[in-house]
Amino acid sequence: MPKKATRASAVLLFLGALAYTAWVLEAVVRTGLDPVRAYVSELAAADQPLGGLFRATDLAAGLLVLAGAALGLLATRAPAGPAPEPGAPRRARPGAGPAARRPWLLAGWAALALFGAATALDSRLPLSCAPTADPECAARETAGLVPATHTAHAVSSSLAVTGALVAMAALTLAARRYGLWRPLARTGPALLALEAAATAWTLAAVAASEAGRGPWALGAGQRLQVLLVAVWTGVLAVSVARERAGAGERTPRRERARG
């Protein structure tokens, strides 16, 4: 990936990760929602006093991650470097080559782009009310008397979670398989395992809540799930930036060794 594109991708991903943690503002501002029980998306509901703020940060997070992932995807599909001169021997190196030789990178960046796009779409399909805090809203939702955006929001949220999980798995595997991004290669497996556990907790809590068995700390589980995605994205951003810096520092030594 060209130096400028690498730097831009890293910055976009890091800013996207920061915007994706805007919900932590509920620790210092009054929202009226219980963070242990309420969905994160309820902060952005149309009837919430700070809904506009959280919809804006979700939109920013989605677009920033989408742009950063798009740069990564384009770089993966591009040639790794200048074409060799006629008759010159071809030398392969870890992580280099067209997308056909790096399928996990291609899949990972595409999934991360899906996560960004679905998150941005999520912000344009807000809930009309907060069902965990408003019994009347919960009753209307159960009776199917809420706007269609509730169903559309559930679909876009599911796509975002799926994209995040696939991206975390594929890019972490790519980092380890192709010898890339040392920080992600080291911490990615642990973050992925924690994210899988948090997702299982959230899904179990949703099922329990719908079955009338209590909330099972649904809000806490989902907040952990969202936080881990943001942390992983931040680690990816730092890893991408460091990979390019390290490559720039190592190149002269390799050239001197060949000379």
# chains A, B, ... in the order shown; residues from 1 in each chain; ligands from 1
>>> residues_around(residues="Glu210 of chain A", least_positions_apart="3", cutoff="12 Å", atoms="only C-alpha atoms", output="ChimeraX atom specification")
/A:131-132,138-139,141-142,203-207,213-216,218
>>> write_last_selection(atoms="N, CA, C and O atoms", output="mmCIF file, in the first residue's frame")
data_model
loop_
_atom_site.group_PDB
_atom_site.id
_atom_site.type_symbol
_atom_site.label_atom_id
_atom_site.label_comp_id
_atom_site.auth_asym_id
_atom_site.auth_seq_id
_atom_site.Cartn_x
_atom_site.Cartn_y
_atom_site.Cartn_z
ATOM 1 N N PRO A 131 -37.465 0.706 23.957
ATOM 2 C CA PRO A 131 -38.334 -0.317 24.559
ATOM 3 C C PRO A 131 -37.927 -0.768 25.952
ATOM 4 O O PRO A 131 -38.793 -1.150 26.741
ATOM 5 N N THR A 132 -36.645 -0.751 26.292
ATOM 6 C CA THR A 132 -36.245 -1.221 27.626
ATOM 7 C C THR A 132 -36.558 -0.199 28.711
ATOM 8 O O THR A 132 -36.622 -0.561 29.897
ATOM 9 N N ALA A 138 -42.354 -0.795 24.483
ATOM 10 C CA ALA A 138 -42.156 -2.246 24.426
ATOM 11 C C ALA A 138 -43.428 -2.957 24.002
ATOM 12 O O ALA A 138 -43.403 -3.909 23.207
ATOM 13 N N ALA A 139 -44.573 -2.480 24.507
ATOM 14 C CA ALA A 139 -45.849 -3.097 24.148
ATOM 15 C C ALA A 139 -46.160 -2.882 22.673
ATOM 16 O O ALA A 139 -46.629 -3.800 21.982
ATOM 17 N N GLU A 141 -43.988 -2.427 20.335
ATOM 18 C CA GLU A 141 -43.044 -3.226 19.563
ATOM 19 C C GLU A 141 -43.494 -4.681 19.512
ATOM 20 O O GLU A 141 -43.433 -5.333 18.457
ATOM 21 N N THR A 142 -43.959 -5.208 20.647
ATOM 22 C CA THR A 142 -44.446 -6.591 20.703
ATOM 23 C C THR A 142 -45.660 -6.785 19.806
ATOM 24 O O THR A 142 -45.815 -7.822 19.151
ATOM 25 N N LEU A 203 -26.584 -12.352 22.446
ATOM 26 C CA LEU A 203 -27.638 -13.137 21.803
ATOM 27 C C LEU A 203 -28.463 -13.912 22.827
ATOM 28 O O LEU A 203 -29.697 -13.992 22.722
ATOM 29 N N ALA A 204 -27.799 -14.481 23.841
ATOM 30 C CA ALA A 204 -28.515 -15.202 24.890
ATOM 31 C C ALA A 204 -29.408 -14.254 25.683
ATOM 32 O O ALA A 204 -30.544 -14.604 26.051
ATOM 33 N N ALA A 205 -28.921 -13.052 25.941
ATOM 34 C CA ALA A 205 -29.706 -12.070 26.684
ATOM 35 C C ALA A 205 -30.927 -11.620 25.890
ATOM 36 O O ALA A 205 -32.009 -11.425 26.448
ATOM 37 N N VAL A 206 -30.757 -11.445 24.574
ATOM 38 C CA VAL A 206 -31.889 -11.077 23.728
ATOM 39 C C VAL A 206 -32.948 -12.174 23.761
ATOM 40 O O VAL A 206 -34.150 -11.903 23.908
ATOM 41 N N ALA A 207 -32.502 -13.435 23.617
ATOM 42 C CA ALA A 207 -33.441 -14.559 23.641
ATOM 43 C C ALA A 207 -34.158 -14.641 24.987
ATOM 44 O O ALA A 207 -35.377 -14.879 25.043
ATOM 45 N N ARG A 213 -37.734 -13.888 30.427
ATOM 46 C CA ARG A 213 -36.925 -14.435 31.519
ATOM 47 C C ARG A 213 -35.971 -13.407 32.131
ATOM 48 O O ARG A 213 -35.023 -13.768 32.812
ATOM 49 N N GLY A 214 -36.210 -12.147 31.847
ATOM 50 C CA GLY A 214 -35.344 -11.113 32.403
ATOM 51 C C GLY A 214 -34.332 -10.627 31.385
ATOM 52 O O GLY A 214 -34.101 -11.273 30.359
ATOM 53 N N PRO A 215 -33.707 -9.474 31.662
ATOM 54 C CA PRO A 215 -32.791 -8.876 30.681
ATOM 55 C C PRO A 215 -31.424 -9.527 30.585
ATOM 56 O O PRO A 215 -30.709 -9.341 29.603
ATOM 57 N N TRP A 216 -30.994 -10.286 31.612
ATOM 58 C CA TRP A 216 -29.675 -10.930 31.594
ATOM 59 C C TRP A 216 -28.547 -9.927 31.317
ATOM 60 O O TRP A 216 -27.586 -10.240 30.636
ATOM 61 N N LEU A 218 -28.437 -7.409 29.369
ATOM 62 C CA LEU A 218 -28.314 -7.272 27.925
ATOM 63 C C LEU A 218 -27.456 -6.071 27.545
ATOM 64 O O LEU A 218 -26.572 -6.161 26.683
#
>>> residues_around(residues="Ala70 of chain A", least_positions_apart="2", cutoff="9 Å", atoms="only C-alpha atoms", output="PDB file with C-alpha atoms, in the first residue's frame")
ATOM      1  CA  SER A   9      -6.320   4.245   6.111  1.00  0.00           C
ATOM      2  CA  VAL A  65     -14.350   2.786   8.931  1.00  0.00           C
ATOM      3  CA  LEU A  66     -15.875   2.255   5.489  1.00  0.00           C
ATOM      4  CA  ALA A  67     -13.379   4.675   3.933  1.00  0.00           C
ATOM      5  CA  GLY A  68     -10.424   3.162   5.791  1.00  0.00           C
ATOM      6  CA  GLY A  72      -7.186  -1.358   2.496  1.00  0.00           C
ATOM      7  CA  LEU A  73      -9.309  -3.316   0.033  1.00  0.00           C
ATOM      8  CA  LEU A  74      -8.027  -1.359  -2.933  1.00  0.00           C
ATOM      9  CA  ALA A  75      -4.436  -1.838  -1.812  1.00  0.00           C
ATOM     10  CA  TRP A 109     -11.200  -5.724   4.343  1.00  0.00           C
ATOM     11  CA  ALA A 110     -14.466  -6.433   2.512  1.00  0.00           C
ATOM     12  CA  LEU A 112     -14.819  -4.433   7.556  1.00  0.00           C
ATOM     13  CA  ALA A 113     -16.265  -2.286   4.770  1.00  0.00           C
TER      14      ALA A 113
END
>>> atom_distance(atom1="atom CA of Thr233 of chain A", atom2="atom CA of Leu114 of chain A")
13.8 Å
>>> closest_residue(among="A:Leu159, A:Leu173, A:Leu224, A:Ala133", to="Phe115 of chain A", atoms="only C-alpha atoms")
A:Leu159
>>> closest_atom_pairs(of="segment 159-240 of chain A", to="segment 2-6 of chain A", cutoff="12 Å", atoms="only C-alpha atoms", output="Markdown table")
| residue | atom | partner | partner_atom | distance |
| --- | --- | --- | --- | --- |
| A:Leu236 | CA | A:Thr6 | CA | 11.7 |
| A:Ala237 | CA | A:Thr6 | CA | 9.4 |
| A:Val238 | CA | A:Thr6 | CA | 10.7 |
| A:Ser239 | CA | A:Thr6 | CA | 10.5 |
| A:Val240 | CA | A:Thr6 | CA | 6.8 |
>>> residues_around(residues="Pro189 of chain A", least_positions_apart="2", cutoff="10 Å", atoms="only C-alpha atoms", output="PyMOL selection string")
chain A and resi 168-169+172-173+176+184-187+191-195
>>> select_by_dssp(residues="segment 19-233 of chain A", states="helix (DSSP H, G or I)", output="ChimeraX atom specification")
/A:19,22-27,40-44,51-77,99-101,103-124,135-142,149-177,182-210,218-233
>>> decode(residues="segment 134-171 of chain A", atoms="N, CA and C atoms", output="short mmCIF file (atom, residue, chain, number, x, y, z; two decimals), in the first residue's frame")
data_model
loop_
_atom_site.label_atom_id
_atom_site.label_comp_id
_atom_site.auth_asym_id
_atom_site.auth_seq_id
_atom_site.Cartn_x
_atom_site.Cartn_y
_atom_site.Cartn_z
N ASP A 134 -39.21 2.23 28.22
CA ASP A 134 -40.58 2.70 28.04
C ASP A 134 -41.49 1.51 27.83
N PRO A 135 -42.28 1.11 28.86
CA PRO A 135 -43.17 -0.05 28.72
C PRO A 135 -44.16 0.10 27.57
N GLU A 136 -44.63 1.32 27.32
CA GLU A 136 -45.56 1.53 26.22
C GLU A 136 -44.88 1.24 24.88
N CYS A 137 -43.63 1.67 24.77
CA CYS A 137 -42.87 1.38 23.54
C CYS A 137 -42.67 -0.12 23.38
N ALA A 138 -42.35 -0.80 24.48
CA ALA A 138 -42.16 -2.25 24.43
C ALA A 138 -43.43 -2.96 24.00
N ALA A 139 -44.57 -2.48 24.51
CA ALA A 139 -45.85 -3.10 24.15
C ALA A 139 -46.16 -2.88 22.67
N ARG A 140 -45.90 -1.67 22.18
CA ARG A 140 -46.14 -1.40 20.76
C ARG A 140 -45.23 -2.25 19.89
N GLU A 141 -43.99 -2.43 20.34
CA GLU A 141 -43.04 -3.23 19.56
C GLU A 141 -43.49 -4.68 19.51
N THR A 142 -43.96 -5.21 20.65
CA THR A 142 -44.45 -6.59 20.70
C THR A 142 -45.66 -6.79 19.81
N ALA A 143 -46.52 -5.75 19.75
CA ALA A 143 -47.74 -5.84 18.95
C ALA A 143 -47.49 -5.50 17.49
N GLY A 144 -46.27 -5.12 17.14
CA GLY A 144 -45.96 -4.78 15.76
C GLY A 144 -46.51 -3.43 15.34
N LEU A 145 -46.65 -2.52 16.30
CA LEU A 145 -47.23 -1.21 16.01
C LEU A 145 -46.18 -0.10 15.94
N VAL A 146 -44.93 -0.48 15.83
CA VAL A 146 -43.86 0.51 15.70
C VAL A 146 -43.52 0.67 14.22
N PRO A 147 -42.83 1.77 13.86
CA PRO A 147 -42.46 1.97 12.45
C PRO A 147 -41.59 0.83 11.92
N ALA A 148 -41.57 0.70 10.61
CA ALA A 148 -40.78 -0.35 9.96
C ALA A 148 -39.29 -0.17 10.20
N THR A 149 -38.88 1.03 10.62
CA THR A 149 -37.46 1.24 10.89
C THR A 149 -36.94 0.33 12.01
N HIS A 150 -37.82 -0.12 12.89
CA HIS A 150 -37.37 -1.03 13.96
C HIS A 150 -36.86 -2.33 13.35
N THR A 151 -37.62 -2.88 12.40
CA THR A 151 -37.19 -4.12 11.74
C THR A 151 -35.95 -3.87 10.88
N ALA A 152 -35.97 -2.75 10.14
CA ALA A 152 -34.82 -2.43 9.30
C ALA A 152 -33.57 -2.21 10.14
N HIS A 153 -33.74 -1.59 11.30
CA HIS A 153 -32.61 -1.37 12.20
C HIS A 153 -32.04 -2.70 12.69
N ALA A 154 -32.92 -3.64 13.00
CA ALA A 154 -32.45 -4.96 13.44
C ALA A 154 -31.64 -5.65 12.35
N VAL A 155 -32.07 -5.50 11.10
CA VAL A 155 -31.35 -6.12 9.98
C VAL A 155 -29.98 -5.47 9.80
N SER A 156 -29.95 -4.14 9.79
CA SER A 156 -28.67 -3.45 9.59
C SER A 156 -27.72 -3.71 10.76
N SER A 157 -28.25 -3.80 11.97
CA SER A 157 -27.41 -4.11 13.13
C SER A 157 -26.82 -5.51 13.02
N SER A 158 -27.63 -6.45 12.54
CA SER A 158 -27.14 -7.82 12.36
C SER A 158 -26.04 -7.87 11.31
N LEU A 159 -26.20 -7.10 10.24
CA LEU A 159 -25.16 -7.04 9.21
C LEU A 159 -23.88 -6.44 9.77
N ALA A 160 -24.02 -5.42 10.61
CA ALA A 160 -22.83 -4.78 11.20
C ALA A 160 -22.09 -5.77 12.09
N VAL A 161 -22.81 -6.50 12.92
CA VAL A 161 -22.17 -7.47 13.82
C VAL A 161 -21.50 -8.57 13.01
N THR A 162 -22.19 -9.06 11.98
CA THR A 162 -21.61 -10.11 11.13
C THR A 162 -20.34 -9.62 10.45
N GLY A 163 -20.41 -8.41 9.89
CA GLY A 163 -19.23 -7.84 9.24
C GLY A 163 -18.07 -7.69 10.19
N ALA A 164 -18.36 -7.22 11.41
CA ALA A 164 -17.30 -7.03 12.40
C ALA A 164 -16.64 -8.35 12.78
N LEU A 165 -17.45 -9.38 13.02
CA LEU A 165 -16.90 -10.68 13.41
C LEU A 165 -16.06 -11.30 12.29
N VAL A 166 -16.57 -11.23 11.06
CA VAL A 166 -15.82 -11.80 9.94
C VAL A 166 -14.52 -11.03 9.73
N ALA A 167 -14.59 -9.69 9.83
CA ALA A 167 -13.39 -8.87 9.66
C ALA A 167 -12.36 -9.18 10.73
N MET A 168 -12.80 -9.29 11.97
CA MET A 168 -11.87 -9.59 13.07
C MET A 168 -11.19 -10.93 12.85
N ALA A 169 -11.97 -11.93 12.44
CA ALA A 169 -11.41 -13.26 12.23
C ALA A 169 -10.46 -13.28 11.03
N ALA A 170 -10.90 -12.72 9.89
CA ALA A 170 -10.12 -12.81 8.66
C ALA A 170 -8.84 -11.98 8.73
N LEU A 171 -8.92 -10.74 9.22
CA LEU A 171 -7.73 -9.90 9.26
C LEU A 171 -6.76 -10.35 10.34
#
